[in-house]
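Trainee: Below: one structure in structure tokens.
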Amino acid sequence: MKLAQSMSSLGTETAFEVLAKAKALEAQGKDIVHLHIGAPDFQTPPNIVEAGRKALADGWHKYTPAKGILEVREAVCEDIARYRGAEVHPDKVLIVPGGKPTLFYAILMFGEPGAEIIYPNPGFPIYESMIHFTGAKAVPMRLAEENGYSFSAEEVLAQITPRTRLIIINTPANPTGGVVPRSEMDRLVEGLEAHPDVAILCDEIYSRLLYDGEEHVSILQYESVADRAICLDGWSKTYAMTGWRLGWGVWPEGLVAEAERLQINCASCANAATQIAGIEALRGPQDAVDEMCAAFDERRKIIVDELNGVPGFSCSMPKGAFYAFANVKGTGVSSKELEDRFLQEAGVACLSGASFGAFGEGYLRFSYANSAENIREGIRRIRECLEA
Ligand code: PLP
């Protein structure tokens, strides 16, 4: 068989590979502490589960419009008004199966040989993977620890060339927990006025997971780029719904039909009953979100404290999402080797920073979507392993 050349450029998300290795070790009887998973350890709130169950019983068994059920798109717009203070028309919303399809469609739409796409590095690995798949040049936007893992607008603007088609931003960020400050986003958007052909994709999937009163700066708050800004969010992280596969994108008026066409060619639509549950999530009580966020906040402090007690490690306090990105350069060992050693020798699953891009070398990502007890146990094992 001869596969398309582009298949050799397609990367992956190593979190799924580490999960498979961890599961294989567990099957051999090994005890593994999972600090690699990008999913809340909570269950979906019961009112949402009930809405999904009822939707199936009520007969939501068929295709929905490709763009999504109108009521879901309306609920998304209400949510955007409530949490982002921005007005969006439901016509611009595309409901998709998870957070990923919005970025998949956006990168497919702009990427091709000869084009350039600027993306966060270290960042969610699917950005770089998809850019390479399209044949476009992946231009890393360096997110440095000393810059609070935000970008420098000046540096990003200097990277724009006549071939730049798309800039990808992620705030709050995976894998660093970094949050883009309003001043930096202001500067970027202002600078983009000189580049009217460059589109922006802002991945805001962790928008509700913020700590210490940190504000969420959304691309939807910038009217001047509304004709070229794509905003990605979804239900996965906010409502502990990673397995339901439901997300949304707000697209510029001129692109929403193109995105819908990609969806028709691929998924047809998001799962019907899941969409109905999604309405309950957005319009129902939000206490469970606040409770999850408070629990993550507590664990965030525990994990950072624990990580800073490991010889050769240092870890700054993440501002959002549920990841701690520890600097492990002091160990003198590569990130990948530490990832392997901790899994095999200590029974702790975490992720090498290098799997989030070249600028992630020297770091390890720890997810604190796990109990305080497991976090303490995991880091204790790591300390022991390094001291052995
Ligand atoms: N964007 C970022 C930054 C993520 O971390 C993730 C998941 O980890 C996604 C998108 C994809 O979310 P989903 O699981 O809803 O497809």
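Just remember, in the structure tokens the first chain shown is A, the second B, etc., residues are 1-based per chain, and ligands are 1-based in the order shown.
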Excluding same-chain residues fewer than 3 positions from region 366-381 of chain A, what lies within 6 Å of it counting only C-alpha atoms, as a list in words?
Mentor: Val33, Leu35, His36, Pro40, Asp41, Arg299, Phe322, Tyr323, Ala324, Ala346, Val348, Cys350 and Glu384 of chain A
Trainee: Restricting it to C-alpha atoms, dump the selection as a CSV table (one decimal), in the first residue's frame.
Mentor:
chain,number,residue,atom,x,y,z
A,33,VAL,CA,-0.3,7.5,39.6
A,35,LEU,CA,-0.5,12.8,36.4
A,36,HIS,CA,-0.6,13.0,32.6
A,40,PRO,CA,-11.0,16.5,34.9
A,41,ASP,CA,-11.2,13.6,37.3
A,299,ARG,CA,-4.4,21.0,44.1
A,322,PHE,CA,-5.0,22.2,35.3
A,323,TYR,CA,-1.3,21.7,34.4
A,324,ALA,CA,1.9,22.4,36.3
A,346,ALA,CA,8.3,5.0,39.9
A,348,VAL,CA,4.2,7.9,37.8
A,350,CYS,CA,3.7,12.5,33.4
A,384,GLU,CA,12.6,8.8,45.7
Trainee: Could you give me, as a ChimeraX atom specification, the residues within 8 Å of Tyr105 (chain A), counting only C-alpha atoms and dropping anything in the same chain fewer than 2 positions from it?
Mentor: /A:101-103,107-109,259,262-263
Trainee: Considering only C-alpha atoms and all ligand atoms, tabulate each residue of chain A that lies at most 9 Å from ligand 1 along with its nearest interatomic pair and the corresponding distance in Å to one decimal; arrange the rows by chain and ascending residue number and present them as CSV.
Mentor:
residue,atom,partner,partner_atom_place_in_ligand_line,distance
A:Glu13,CA,ligand 1,8 (O),8.9
A:Ala15,CA,ligand 1,8 (O),8.9
A:Ile37,CA,ligand 1,8 (O),8.4
A:Gly38,CA,ligand 1,8 (O),5.2
A:Ala39,CA,ligand 1,8 (O),7.1
A:Pro97,CA,ligand 1,16 (O),7.4
A:Gly98,CA,ligand 1,15 (O),3.8
A:Gly99,CA,ligand 1,15 (O),3.5
A:Lys100,CA,ligand 1,16 (O),3.9
A:Pro101,CA,ligand 1,16 (O),6.9
A:Thr102,CA,ligand 1,10 (C),8.7
A:Leu103,CA,ligand 1,10 (C),7.7
A:Gly123,CA,ligand 1,3 (C),7.4
A:Phe124,CA,ligand 1,3 (C),5.2
A:Pro125,CA,ligand 1,3 (C),8.7
A:Ile126,CA,ligand 1,10 (C),8.2
A:Tyr127,CA,ligand 1,1 (N),8.8
A:Asn170,CA,ligand 1,3 (C),6.1
A:Thr171,CA,ligand 1,3 (C),7.9
A:Pro172,CA,ligand 1,3 (C),8.0
A:Ala173,CA,ligand 1,3 (C),6.0
A:Asn174,CA,ligand 1,3 (C),5.0
A:Pro175,CA,ligand 1,5 (O),7.3
A:Asp203,CA,ligand 1,1 (N),5.9
A:Glu204,CA,ligand 1,3 (C),7.3
A:Ile205,CA,ligand 1,1 (N),5.7
A:Tyr206,CA,ligand 1,3 (C),7.3
A:Leu232,CA,ligand 1,10 (C),7.9
A:Asp233,CA,ligand 1,10 (C),7.8
A:Gly234,CA,ligand 1,15 (O),6.1
A:Trp235,CA,ligand 1,15 (O),6.8
A:Ser236,CA,ligand 1,15 (O),4.7
A:Lys237,CA,ligand 1,15 (O),7.1
A:Met241,CA,ligand 1,15 (O),8.0
A:Thr242,CA,ligand 1,14 (O),5.3
A:Gly243,CA,ligand 1,14 (O),7.7
A:Trp244,CA,ligand 1,15 (O),8.7
A:Arg245,CA,ligand 1,15 (O),6.1
A:Leu246,CA,ligand 1,15 (O),6.4
A:Gly247,CA,ligand 1,15 (O),6.1
A:Ala321,CA,ligand 1,5 (O),8.6
Trainee: Give me a file of those residues, with N, CA and C atoms, as a tab-separated table (two decimals), in the first residue's frame.
Mentor:
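After the write, result-v3.tsv holds the following:
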chain	number	residue	atom	x	y	z
A	13	GLU	N	-0.72	13.16	19.79
A	13	GLU	CA	-0.76	13.72	21.14
A	13	GLU	C	-0.23	12.62	22.05
A	15	ALA	N	-0.02	12.21	25.03
A	15	ALA	CA	-0.80	11.87	26.22
A	15	ALA	C	-1.52	10.53	26.02
A	37	ILE	N	-3.01	13.05	32.48
A	37	ILE	CA	-4.27	13.12	31.73
A	37	ILE	C	-4.84	14.53	31.70
A	38	GLY	N	-5.22	14.96	30.50
A	38	GLY	CA	-5.79	16.30	30.33
A	38	GLY	C	-7.30	16.29	30.45
A	39	ALA	N	-7.81	15.59	31.43
A	39	ALA	CA	-9.26	15.52	31.63
A	39	ALA	C	-9.58	15.67	33.10
A	97	PRO	N	-17.92	18.05	17.19
A	97	PRO	CA	-17.71	16.96	18.16
A	97	PRO	C	-16.40	17.13	18.94
A	98	GLY	N	-16.37	18.03	19.93
A	98	GLY	CA	-15.18	18.23	20.77
A	98	GLY	C	-14.50	19.56	20.47
A	99	GLY	N	-13.41	19.79	21.18
A	99	GLY	CA	-12.65	21.02	20.93
A	99	GLY	C	-11.82	20.92	19.67
A	100	LYS	N	-11.30	19.73	19.42
A	100	LYS	CA	-10.35	19.56	18.31
A	100	LYS	C	-10.88	19.94	16.93
A	101	PRO	N	-12.11	19.57	16.55
A	101	PRO	CA	-12.52	19.84	15.17
A	101	PRO	C	-12.39	21.31	14.76
A	102	THR	N	-12.61	22.24	15.68
A	102	THR	CA	-12.50	23.66	15.29
A	102	THR	C	-11.07	23.97	14.84
A	103	LEU	N	-10.10	23.45	15.57
A	103	LEU	CA	-8.72	23.74	15.14
A	103	LEU	C	-8.34	22.93	13.91
A	123	GLY	N	3.22	24.03	23.17
A	123	GLY	CA	1.77	24.18	23.01
A	123	GLY	C	1.11	22.84	22.76
A	124	PHE	N	-0.20	22.86	22.69
A	124	PHE	CA	-0.99	21.65	22.42
A	124	PHE	C	-0.44	21.03	21.12
A	125	PRO	N	0.03	19.77	21.17
A	125	PRO	CA	0.79	19.21	20.04
A	125	PRO	C	0.03	19.10	18.73
A	126	ILE	N	-1.29	19.12	18.80
A	126	ILE	CA	-2.08	18.95	17.58
A	126	ILE	C	-1.91	20.15	16.63
A	127	TYR	N	-1.60	21.34	17.17
A	127	TYR	CA	-1.39	22.49	16.28
A	127	TYR	C	-0.26	22.18	15.29
A	170	ASN	N	-3.37	30.31	22.48
A	170	ASN	CA	-4.08	29.44	23.43
A	170	ASN	C	-3.99	30.04	24.83
A	171	THR	N	-5.13	30.47	25.35
A	171	THR	CA	-5.16	31.05	26.69
A	171	THR	C	-6.46	30.71	27.40
A	172	PRO	N	-6.40	30.21	28.65
A	172	PRO	CA	-5.26	29.67	29.39
A	172	PRO	C	-4.65	28.48	28.62
A	173	ALA	N	-3.38	28.24	28.88
A	173	ALA	CA	-2.64	27.36	27.97
A	173	ALA	C	-2.36	25.96	28.51
A	174	ASN	N	-2.37	25.04	27.59
A	174	ASN	CA	-1.84	23.70	27.75
A	174	ASN	C	-0.49	23.72	27.02
A	175	PRO	N	0.62	23.32	27.57
A	175	PRO	CA	0.83	22.59	28.81
A	175	PRO	C	1.28	23.45	29.98
A	203	ASP	N	-7.64	29.51	20.91
A	203	ASP	CA	-8.12	28.31	21.58
A	203	ASP	C	-8.36	28.65	23.05
A	204	GLU	N	-9.64	28.73	23.41
A	204	GLU	CA	-10.01	29.18	24.76
A	204	GLU	C	-10.69	28.06	25.54
A	205	ILE	N	-10.27	26.82	25.27
A	205	ILE	CA	-10.95	25.66	25.86
A	205	ILE	C	-10.87	25.63	27.39
A	206	TYR	N	-9.86	26.33	27.97
A	206	TYR	CA	-9.75	26.38	29.44
A	206	TYR	C	-10.25	27.70	30.01
A	232	LEU	N	-12.28	29.15	19.72
A	232	LEU	CA	-12.56	27.73	20.02
A	232	LEU	C	-12.83	27.56	21.51
A	233	ASP	N	-13.91	26.92	21.83
A	233	ASP	CA	-14.17	26.50	23.22
A	233	ASP	C	-15.05	25.25	23.15
A	234	GLY	N	-15.46	24.76	24.30
A	234	GLY	CA	-16.28	23.55	24.28
A	234	GLY	C	-16.63	23.13	25.68
A	235	TRP	N	-17.23	21.99	25.78
A	235	TRP	CA	-17.77	21.50	27.05
A	235	TRP	C	-16.78	20.60	27.80
A	236	SER	N	-15.75	20.09	27.09
A	236	SER	CA	-14.88	19.04	27.64
A	236	SER	C	-14.32	19.35	29.02
A	237	LYS	N	-13.64	20.49	29.11
A	237	LYS	CA	-12.89	20.79	30.34
A	237	LYS	C	-13.80	21.46	31.37
A	241	MET	N	-16.63	16.89	30.48
A	241	MET	CA	-17.37	16.16	29.44
A	241	MET	C	-16.45	15.71	28.30
A	242	THR	N	-15.20	15.35	28.62
A	242	THR	CA	-14.26	15.00	27.54
A	242	THR	C	-14.75	13.84	26.66
A	243	GLY	N	-15.47	12.91	27.28
A	243	GLY	CA	-15.93	11.74	26.51
A	243	GLY	C	-17.21	11.96	25.73
A	244	TRP	N	-17.88	13.07	25.97
A	244	TRP	CA	-19.15	13.32	25.27
A	244	TRP	C	-18.89	13.83	23.86
A	245	ARG	N	-17.75	14.46	23.68
A	245	ARG	CA	-17.30	15.05	22.41
A	245	ARG	C	-18.26	16.17	21.96
A	246	LEU	N	-18.08	17.32	22.56
A	246	LEU	CA	-18.89	18.47	22.18
A	246	LEU	C	-18.09	19.76	22.33
A	247	GLY	N	-18.08	20.55	21.28
A	247	GLY	CA	-17.34	21.81	21.30
A	247	GLY	C	-18.01	22.83	20.41
A	321	ALA	N	-5.99	26.61	33.59
A	321	ALA	CA	-6.04	25.19	33.18
A	321	ALA	C	-5.76	24.28	34.39
Trainee: Tell me, which residues of region 280-375 of chain A carry DSSP alpha helix (DSSP H), written as an MDAnalysis selection string?
Mentor: chainID A and resid 280:283 287:308 335:341 372:375
Trainee: Please compute the CA of Thr44 (chain A)-CA of Ile95 (chain A) distance, one decimal, in Å.
Mentor: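 So the two atoms, CA of Thr44 (chain A) and CA of Ile95 (chain A), lie 19.2 Å apart.
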Trainee: Quick one: residues within 12 Å of region 275-277 of chain A, only C-alpha atoms counted, chain neighbours fewer than 4 positions away excluded, as a ChimeraX atom specification?
Mentor: /A:44-76,94-98,234-235,239,241,244-248,269-271,281-284
Trainee: Go ahead and write the residues just picked, N, CA and C atoms, as a compact mmCIF listing (two decimals), in the first residue's frame.
Mentor:
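again.txt was written with the following content:
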# COMPACT_ATOMS: atom_id res chain seq x y z
N THR A 44 -19.22 14.17 35.01
CA THR A 44 -20.10 15.22 34.49
C THR A 44 -21.23 15.47 35.51
N PRO A 45 -21.55 16.73 35.80
CA PRO A 45 -22.61 17.01 36.78
C PRO A 45 -23.92 16.28 36.42
N PRO A 46 -24.63 15.76 37.45
CA PRO A 46 -25.79 14.89 37.22
C PRO A 46 -26.91 15.54 36.40
N ASN A 47 -27.12 16.87 36.54
CA ASN A 47 -28.19 17.49 35.75
C ASN A 47 -27.90 17.40 34.25
N ILE A 48 -26.62 17.40 33.88
CA ILE A 48 -26.25 17.31 32.46
C ILE A 48 -26.43 15.86 31.98
N VAL A 49 -26.00 14.92 32.82
CA VAL A 49 -26.16 13.50 32.47
C VAL A 49 -27.64 13.19 32.27
N GLU A 50 -28.48 13.72 33.16
CA GLU A 50 -29.91 13.48 33.09
C GLU A 50 -30.48 14.07 31.78
N ALA A 51 -30.01 15.25 31.42
CA ALA A 51 -30.50 15.88 30.17
C ALA A 51 -30.12 15.03 28.96
N GLY A 52 -28.93 14.44 28.99
CA GLY A 52 -28.49 13.58 27.88
C GLY A 52 -29.33 12.30 27.82
N ARG A 53 -29.55 11.72 29.02
CA ARG A 53 -30.35 10.49 29.10
C ARG A 53 -31.77 10.74 28.56
N LYS A 54 -32.33 11.88 29.00
CA LYS A 54 -33.69 12.23 28.59
C LYS A 54 -33.75 12.49 27.07
N ALA A 55 -32.71 13.11 26.55
CA ALA A 55 -32.67 13.41 25.11
C ALA A 55 -32.74 12.12 24.30
N LEU A 56 -32.03 11.11 24.76
CA LEU A 56 -32.08 9.81 24.06
C LEU A 56 -33.48 9.21 24.16
N ALA A 57 -34.06 9.27 25.38
CA ALA A 57 -35.41 8.73 25.58
C ALA A 57 -36.43 9.50 24.76
N ASP A 58 -36.18 10.79 24.56
CA ASP A 58 -37.12 11.64 23.81
C ASP A 58 -36.97 11.51 22.29
N GLY A 59 -36.00 10.73 21.88
CA GLY A 59 -35.90 10.47 20.44
C GLY A 59 -34.90 11.33 19.67
N TRP A 60 -33.93 11.88 20.34
CA TRP A 60 -32.89 12.64 19.61
C TRP A 60 -31.89 11.64 19.04
N HIS A 61 -32.30 10.96 17.97
CA HIS A 61 -31.50 9.85 17.44
C HIS A 61 -30.98 10.13 16.03
N LYS A 62 -31.33 11.26 15.47
CA LYS A 62 -31.04 11.48 14.04
C LYS A 62 -29.99 12.57 13.86
N TYR A 63 -29.63 12.80 12.57
CA TYR A 63 -28.75 13.93 12.26
C TYR A 63 -29.39 15.21 12.77
N THR A 64 -28.54 16.17 13.12
CA THR A 64 -29.05 17.52 13.37
C THR A 64 -28.52 18.37 12.22
N PRO A 65 -28.94 19.65 12.12
CA PRO A 65 -28.31 20.49 11.11
C PRO A 65 -26.79 20.46 11.32
N ALA A 66 -26.03 20.51 10.24
CA ALA A 66 -24.56 20.39 10.34
C ALA A 66 -23.97 21.42 11.29
N LYS A 67 -24.55 22.59 11.30
CA LYS A 67 -24.03 23.67 12.16
C LYS A 67 -24.34 23.44 13.64
N GLY A 68 -25.29 22.58 13.91
CA GLY A 68 -25.71 22.35 15.29
C GLY A 68 -27.15 22.81 15.46
N ILE A 69 -27.80 22.29 16.49
CA ILE A 69 -29.19 22.66 16.80
C ILE A 69 -29.22 24.15 17.16
N LEU A 70 -30.17 24.88 16.62
CA LEU A 70 -30.22 26.34 16.83
C LEU A 70 -30.20 26.70 18.32
N GLU A 71 -30.95 25.96 19.12
CA GLU A 71 -31.02 26.29 20.55
C GLU A 71 -29.64 26.15 21.24
N VAL A 72 -28.85 25.23 20.77
CA VAL A 72 -27.50 25.07 21.35
C VAL A 72 -26.66 26.27 20.96
N ARG A 73 -26.77 26.68 19.70
CA ARG A 73 -25.98 27.84 19.23
C ARG A 73 -26.42 29.11 19.96
N GLU A 74 -27.71 29.18 20.24
CA GLU A 74 -28.21 30.35 21.01
C GLU A 74 -27.66 30.32 22.44
N ALA A 75 -27.65 29.12 23.02
CA ALA A 75 -27.13 28.99 24.40
C ALA A 75 -25.64 29.35 24.44
N VAL A 76 -24.92 29.00 23.38
CA VAL A 76 -23.49 29.36 23.31
C VAL A 76 -23.35 30.89 23.29
N LEU A 94 -20.53 27.29 15.13
CA LEU A 94 -20.56 25.94 14.58
C LEU A 94 -20.33 24.96 15.73
N ILE A 95 -21.31 24.11 15.98
CA ILE A 95 -21.20 23.09 17.04
C ILE A 95 -20.48 21.88 16.44
N VAL A 96 -19.47 21.40 17.16
CA VAL A 96 -18.62 20.34 16.62
C VAL A 96 -18.40 19.23 17.66
N PRO A 97 -17.92 18.05 17.19
CA PRO A 97 -17.71 16.96 18.16
C PRO A 97 -16.40 17.13 18.94
N GLY A 98 -16.37 18.03 19.93
CA GLY A 98 -15.18 18.23 20.77
C GLY A 98 -14.50 19.56 20.47
N GLY A 234 -15.46 24.76 24.30
CA GLY A 234 -16.28 23.55 24.28
C GLY A 234 -16.63 23.13 25.68
N TRP A 235 -17.23 21.99 25.78
CA TRP A 235 -17.77 21.50 27.05
C TRP A 235 -16.78 20.60 27.80
N TYR A 239 -17.07 21.31 31.89
CA TYR A 239 -18.13 20.50 32.50
C TYR A 239 -17.72 19.03 32.66
N MET A 241 -16.63 16.89 30.48
CA MET A 241 -17.37 16.16 29.44
C MET A 241 -16.45 15.71 28.30
N TRP A 244 -17.88 13.07 25.97
CA TRP A 244 -19.15 13.32 25.27
C TRP A 244 -18.89 13.83 23.86
N ARG A 245 -17.75 14.46 23.68
CA ARG A 245 -17.30 15.05 22.41
C ARG A 245 -18.26 16.17 21.96
N LEU A 246 -18.08 17.32 22.56
CA LEU A 246 -18.89 18.47 22.18
C LEU A 246 -18.09 19.76 22.33
N GLY A 247 -18.08 20.55 21.28
CA GLY A 247 -17.34 21.81 21.30
C GLY A 247 -18.01 22.83 20.41
N TRP A 248 -17.54 24.05 20.48
CA TRP A 248 -18.07 25.07 19.59
C TRP A 248 -16.96 25.98 19.07
N CYS A 269 -22.39 16.17 11.78
CA CYS A 269 -22.84 17.04 12.86
C CYS A 269 -22.35 16.44 14.17
N ALA A 270 -22.50 17.21 15.24
CA ALA A 270 -22.18 16.65 16.57
C ALA A 270 -23.35 15.76 17.00
N ASN A 271 -23.07 14.85 17.90
CA ASN A 271 -24.07 13.92 18.42
C ASN A 271 -25.30 14.68 18.95
N ALA A 281 -25.98 22.12 30.23
CA ALA A 281 -24.70 22.52 30.83
C ALA A 281 -24.59 24.05 30.84
N LEU A 282 -24.90 24.68 29.73
CA LEU A 282 -24.71 26.13 29.62
C LEU A 282 -25.77 26.92 30.37
N ARG A 283 -27.01 26.43 30.33
CA ARG A 283 -28.11 27.21 30.93
C ARG A 283 -28.42 26.80 32.36
N GLY A 284 -27.98 25.62 32.76
CA GLY A 284 -28.27 25.12 34.10
C GLY A 284 -27.36 25.76 35.15
Trainee: Name all residues at most 7 Å from Cys77 (chain A) (count only C-alpha atoms; drop same-chain ones fewer than 3 positions away) and give them as a short mmCIF file (atom, residue, chain, number, x, y, z; two decimals) with N, CA, C and O atoms, in the first residue's frame.
Mentor:
data_model
loop_
_atom_site.label_atom_id
_atom_site.label_comp_id
_atom_site.auth_asym_id
_atom_site.auth_seq_id
_atom_site.Cartn_x
_atom_site.Cartn_y
_atom_site.Cartn_z
N ARG A 73 -26.77 26.68 19.70
CA ARG A 73 -25.98 27.84 19.23
C ARG A 73 -26.42 29.11 19.96
O ARG A 73 -25.60 29.95 20.31
N GLU A 74 -27.71 29.18 20.24
CA GLU A 74 -28.21 30.35 21.01
C GLU A 74 -27.66 30.32 22.44
O GLU A 74 -27.25 31.35 22.98
N ILE A 80 -21.39 33.27 25.87
CA ILE A 80 -20.34 34.21 25.44
C ILE A 80 -20.63 35.61 26.00
O ILE A 80 -19.73 36.31 26.48
N ALA A 81 -21.91 35.99 25.98
CA ALA A 81 -22.28 37.31 26.51
C ALA A 81 -22.00 37.35 28.02
O ALA A 81 -21.47 38.33 28.54
N VAL A 88 -22.39 37.85 20.02
CA VAL A 88 -22.14 37.02 18.84
C VAL A 88 -23.49 36.53 18.32
O VAL A 88 -24.35 36.13 19.11
N HIS A 89 -23.66 36.53 17.00
CA HIS A 89 -24.91 36.01 16.41
C HIS A 89 -24.81 34.49 16.27
O HIS A 89 -23.74 33.98 15.86
N PRO A 90 -25.88 33.76 16.58
CA PRO A 90 -25.84 32.28 16.47
C PRO A 90 -25.43 31.78 15.08
O PRO A 90 -24.92 30.66 14.95
#
Trainee: Which of these residues is nearest to His34 (chain A), using only C-alpha atoms: A:Leu19, A:Gln159, A:Arg187, A:Glu193?
Mentor: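 Ranked by minimum distance to His34 (chain A), first place goes to A:Leu19.
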Trainee: So which residues touch Thr176 (chain A) within 12 Å, counting only C-alpha atoms, skipping near sequence neighbours fewer than 6 positions away, as an MDAnalysis selection string?
Mentor: chainID A and resid 120:124 143:145 147:150 170 206 315:327 351 353 356:357 359:360 363:367
Trainee: In Å, with one decimal, what is the gap from CA of Ser8 (chain A) to CA of Gly114 (chain A)?
Mentor: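 Computed distance, CA of Ser8 (chain A) to CA of Gly114 (chain A), equals 18.1 Å.
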Trainee: Report the distance between CA of Ser207 (chain A) and CA of Gly11 (chain A) in Å, rounded to one decimal place.
Mentor: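 If I compute the distance from CA of Ser207 (chain A) to CA of Gly11 (chain A), I get 25.8 Å.
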